[in-house]
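Chemist: If it helps, the file is called structure-v8.cif and holds mmCIF, C-alpha atoms:
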```cif
data_final
#
loop_
_atom_site.group_PDB
_atom_site.id
_atom_site.type_symbol
_atom_site.label_atom_id
_atom_site.label_comp_id
_atom_site.auth_asym_id
_atom_site.auth_seq_id
_atom_site.Cartn_x
_atom_site.Cartn_y
_atom_site.Cartn_z
ATOM 1 C CA MET A 203 1.322 -19.938 1.729
ATOM 2 C CA PRO A 204 1.106 -18.581 5.298
ATOM 3 C CA LEU A 205 1.994 -15.032 6.260
ATOM 4 C CA LEU A 206 5.094 -14.943 8.442
ATOM 5 C CA THR A 207 4.989 -12.885 11.607
ATOM 6 C CA CYS A 208 6.160 -12.744 15.204
ATOM 7 C CA GLU A 209 4.472 -12.999 18.576
ATOM 8 C CA ALA A 210 4.861 -9.256 19.214
ATOM 9 C CA VAL A 211 2.735 -8.551 16.123
ATOM 10 C CA VAL A 212 0.110 -11.088 17.169
ATOM 11 C CA SER A 213 -0.054 -9.488 20.607
ATOM 12 C CA GLU A 214 -0.305 -5.963 19.184
ATOM 13 C CA THR A 215 -2.967 -7.045 16.684
ATOM 14 C CA CYS A 216 -5.068 -8.724 19.369
ATOM 15 C CA PHE A 217 -4.884 -5.514 21.391
ATOM 16 C CA LEU A 218 -5.878 -3.329 18.429
ATOM 17 C CA VAL A 219 -8.918 -5.476 17.576
ATOM 18 C CA ARG A 220 -9.984 -6.084 21.188
ATOM 19 C CA HIS A 221 -13.191 -4.058 20.797
ATOM 20 C CA ALA A 222 -14.246 -5.741 17.565
ATOM 21 C CA ARG A 223 -16.614 -8.622 18.191
ATOM 22 C CA GLY A 224 -14.507 -11.788 18.117
ATOM 23 C CA GLY A 225 -11.441 -9.784 17.110
ATOM 24 C CA PRO A 226 -8.700 -11.422 19.177
ATOM 25 C CA SER A 227 -10.232 -14.868 18.636
ATOM 26 C CA ALA A 228 -10.152 -14.309 14.868
ATOM 27 C CA VAL A 229 -6.461 -13.439 15.017
ATOM 28 C CA LEU A 230 -5.701 -16.586 17.006
ATOM 29 C CA GLU A 231 -7.818 -18.623 14.599
ATOM 30 C CA LEU A 232 -5.546 -17.474 11.753
ATOM 31 C CA LEU A 233 -2.653 -18.981 13.703
ATOM 32 C CA SER A 234 -4.422 -22.233 14.423
ATOM 33 C CA ARG A 235 -5.473 -22.616 10.764
ATOM 34 C CA GLY A 236 -1.915 -21.980 9.600
ATOM 35 C CA ALA A 237 -2.704 -18.761 7.720
ATOM 36 C CA LEU A 238 -0.192 -17.050 10.023
ATOM 37 C CA ARG A 239 3.050 -18.628 11.112
ATOM 38 C CA ILE A 240 5.381 -17.435 13.857
ATOM 39 C CA ALA A 241 8.761 -17.272 12.118
ATOM 40 C CA PHE A 242 10.734 -15.220 14.625
ATOM 41 C CA GLN A 243 11.927 -15.768 18.162
ATOM 42 C CA LEU A 244 12.731 -12.600 20.080
ATOM 43 C CA GLU A 245 14.898 -14.549 22.494
ATOM 44 C CA ASP A 246 17.275 -15.369 19.610
ATOM 45 C CA ASN A 247 17.283 -11.829 18.186
ATOM 46 C CA VAL A 248 17.331 -9.386 21.094
ATOM 47 C CA SER A 249 20.444 -7.542 19.936
ATOM 48 C CA ALA A 250 19.099 -7.226 16.381
ATOM 49 C CA VAL A 251 15.831 -5.565 17.390
ATOM 50 C CA ARG A 252 17.655 -2.881 19.313
ATOM 51 C CA LEU A 253 17.377 -0.924 16.073
ATOM 52 C CA MET A 254 14.401 0.725 17.791
ATOM 53 C CA ALA A 255 16.897 3.356 18.950
ATOM 54 C CA ARG A 256 17.596 4.293 15.316
ATOM 55 C CA TYR A 257 13.912 5.170 14.896
ATOM 56 C CA ALA A 258 13.382 6.770 18.316
ATOM 57 C CA ARG A 259 11.767 9.835 16.715
ATOM 58 C CA VAL A 260 9.037 7.756 15.030
ATOM 59 C CA PRO A 261 8.963 5.899 17.640
ATOM 60 C CA MET A 262 9.332 2.250 16.675
ATOM 61 C CA SER A 263 7.446 -0.446 18.569
ATOM 62 C CA LEU A 264 8.941 -3.800 19.435
ATOM 63 C CA ALA A 265 6.593 -5.440 16.916
ATOM 64 C CA ASP A 266 7.794 -3.097 14.166
ATOM 65 C CA ALA A 267 11.444 -3.738 15.055
ATOM 66 C CA CYS A 268 10.854 -7.479 14.852
ATOM 67 C CA LEU A 269 9.258 -7.116 11.407
ATOM 68 C CA VAL A 270 12.130 -4.983 10.107
ATOM 69 C CA HIS A 271 14.613 -7.562 11.342
ATOM 70 C CA MET A 272 12.547 -10.369 9.809
ATOM 71 C CA ALA A 273 12.657 -8.527 6.466
ATOM 72 C CA ASP A 274 16.444 -8.412 6.728
ATOM 73 C CA GLU A 275 16.658 -12.102 7.586
ATOM 74 C CA LEU A 276 14.162 -13.225 4.933
ATOM 75 C CA ASN A 277 15.576 -10.848 2.307
ATOM 76 C CA THR A 278 12.215 -9.321 1.420
ATOM 77 C CA GLY A 279 10.588 -5.970 1.974
ATOM 78 C CA ARG A 280 7.072 -7.097 1.042
ATOM 79 C CA ILE A 281 4.904 -6.444 4.069
ATOM 80 C CA LEU A 282 1.202 -6.612 4.835
ATOM 81 C CA THR A 283 0.558 -3.729 7.227
ATOM 82 C CA LEU A 284 -1.668 -0.740 7.830
ATOM 83 C CA ASP A 285 1.165 0.985 9.713
ATOM 84 C CA ASP A 286 2.343 4.078 7.830
ATOM 85 C CA ASP A 287 5.630 3.996 9.741
ATOM 86 C CA PHE A 288 6.785 1.349 7.277
ATOM 87 C CA ALA A 289 7.085 4.164 4.733
ATOM 88 C CA ILE A 290 9.878 5.489 6.984
ATOM 89 C CA TYR A 291 11.524 2.244 8.099
ATOM 90 C CA ARG A 292 14.170 0.611 5.911
ATOM 91 C CA TRP A 293 15.134 -3.034 5.613
ATOM 92 C CA LEU A 294 18.784 -3.919 5.071
ATOM 93 C CA ARG A 295 19.409 -0.334 6.284
ATOM 94 C CA SER A 296 18.418 1.389 3.024
ATOM 95 C CA ARG A 297 15.716 -0.536 1.151
ATOM 96 C CA VAL A 298 12.149 0.767 1.039
ATOM 97 C CA PHE A 299 9.365 -1.563 2.146
ATOM 98 C CA GLU A 300 6.751 -2.636 -0.384
ATOM 99 C CA ARG A 301 3.588 -2.091 1.650
ATOM 100 C CA LEU A 302 0.942 -4.349 0.149
ATOM 101 C CA LEU A 303 -1.966 -2.342 1.614
ATOM 102 C CA ALA A 304 -0.590 1.143 0.926
ATOM 103 C CA GLY A 305 -2.986 3.464 -0.806
#
```
Please go through the file and, once you have read it, give me the structure as structure tokens.
Modeler:
Amino acid sequence: MPLLTCEAVVSETCFLVRHARGGPSAVLELLSRGALRIAFQLEDNVSAVRLMARYARVPMSLADACLVHMADELNTGRILTLDDDFAIYRWLRSRVFERLLAG
């Protein structure tokens, strides 16, 4: 079963691993192999991701806002992330995320 994501997350991930040998290529390979699947179109959800204003003190990135909205739409708070901000963010306005990599 592929992990669902959005293009903003793929872009941010490629940037974060840019100094690792083959980092961005490995991320794109996950897409081409079908291990990752783009399941969100920003163009169709611009008003929904404006929730970044609610988390202005964190602050929330566009990628994070897309993932929170995806959780709402997919009715799940299970998320694979290293981002500690997901301990603060809430899906469906009040539900805590289940961070699969949290320590």
Chemist: Could you jot down the atom CA of Leu218 of chain A to atom CA of Ala304 of chain A separation for me, Å, one decimal place?
Modeler: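 Interatomic distance, atom CA of Leu218 of chain A to atom CA of Ala304 of chain A: 18.8 Å.
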Chemist: Once the PyMOL selection byres ((chain A and resi 274-286) around 6) has been evaluated on this model, what residues remain selected, and can you format them as JSON, numbers by chain?
Modeler: {"A": [271, 272, 273, 287, 288, 289, 293, 294, 299, 300, 301, 302]}
Chemist: Kindly provide, as a tab-separated table (two decimals) with C-alpha atoms, keeping the file's coordinate frame, the polymer residues lying within 10 Å of (6.7, -9.1, 21.0), counting only C-alpha atoms and using the coordinates exactly as they appear in the file.
Modeler:
```tsv
chain	number	residue	atom	x	y	z
A	208	CYS	CA	6.16	-12.74	15.20
A	209	GLU	CA	4.47	-13.00	18.58
A	210	ALA	CA	4.86	-9.26	19.21
A	211	VAL	CA	2.74	-8.55	16.12
A	212	VAL	CA	0.11	-11.09	17.17
A	213	SER	CA	-0.05	-9.49	20.61
A	214	GLU	CA	-0.30	-5.96	19.18
A	242	PHE	CA	10.73	-15.22	14.62
A	243	GLN	CA	11.93	-15.77	18.16
A	244	LEU	CA	12.73	-12.60	20.08
A	245	GLU	CA	14.90	-14.55	22.49
A	263	SER	CA	7.45	-0.45	18.57
A	264	LEU	CA	8.94	-3.80	19.43
A	265	ALA	CA	6.59	-5.44	16.92
A	266	ASP	CA	7.79	-3.10	14.17
A	267	ALA	CA	11.44	-3.74	15.06
A	268	CYS	CA	10.85	-7.48	14.85
```
Chemist: If I wrap all listed atoms of segment 260-272 of chain A in a box with edges along x, y and z and add 8 Å on each side, what are its centre and edge lengths in Å to one decimal, as JSON?
Modeler:
```
{"center_x": 10.6, "center_y": -1.3, "center_z": 14.6, "size_x": 24.0, "size_y": 34.1, "size_z": 25.6}
```
Chemist: Considering only C-alpha atoms, state which residue in the set A:Leu232, A:Leu205, A:Ile290, A:Val298 is at the smallest distance from Ala258 of chain A.
Modeler: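 Closest to Ala258 of chain A, using only C-alpha atoms: A:Ile290.
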Chemist: Quick one: pull the distance between atom CA of Asp246 of chain A and atom CA of Leu206 of chain A, Å, one decimal.
Modeler: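 Straight-line distance from atom CA of Asp246 of chain A to atom CA of Leu206 of chain A works out to 16.5 Å.
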Chemist: Expressed in Å to a single decimal, how great is the separation between atom CA of Val251 of chain A and atom CA of Leu269 of chain A?
Modeler: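 These atoms are spaced 9.0 Å apart.
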Chemist: Taking 2 positions as the minimum chain separation for residues in the same chain, which residues sit within 12 Å of Ala228 of chain A when counting only C-alpha atoms? Answer as a CSV table (one decimal) with C-alpha atoms, keeping the file's coordinate frame.
Modeler:
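Result saved to around19.csv:
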```
chain,number,residue,atom,x,y,z
A,212,VAL,CA,0.1,-11.1,17.2
A,215,THR,CA,-3.0,-7.0,16.7
A,216,CYS,CA,-5.1,-8.7,19.4
A,219,VAL,CA,-8.9,-5.5,17.6
A,220,ARG,CA,-10.0,-6.1,21.2
A,222,ALA,CA,-14.2,-5.7,17.6
A,223,ARG,CA,-16.6,-8.6,18.2
A,224,GLY,CA,-14.5,-11.8,18.1
A,225,GLY,CA,-11.4,-9.8,17.1
A,226,PRO,CA,-8.7,-11.4,19.2
A,230,LEU,CA,-5.7,-16.6,17.0
A,231,GLU,CA,-7.8,-18.6,14.6
A,232,LEU,CA,-5.5,-17.5,11.8
A,233,LEU,CA,-2.7,-19.0,13.7
A,234,SER,CA,-4.4,-22.2,14.4
A,235,ARG,CA,-5.5,-22.6,10.8
A,237,ALA,CA,-2.7,-18.8,7.7
A,238,LEU,CA,-0.2,-17.0,10.0
```
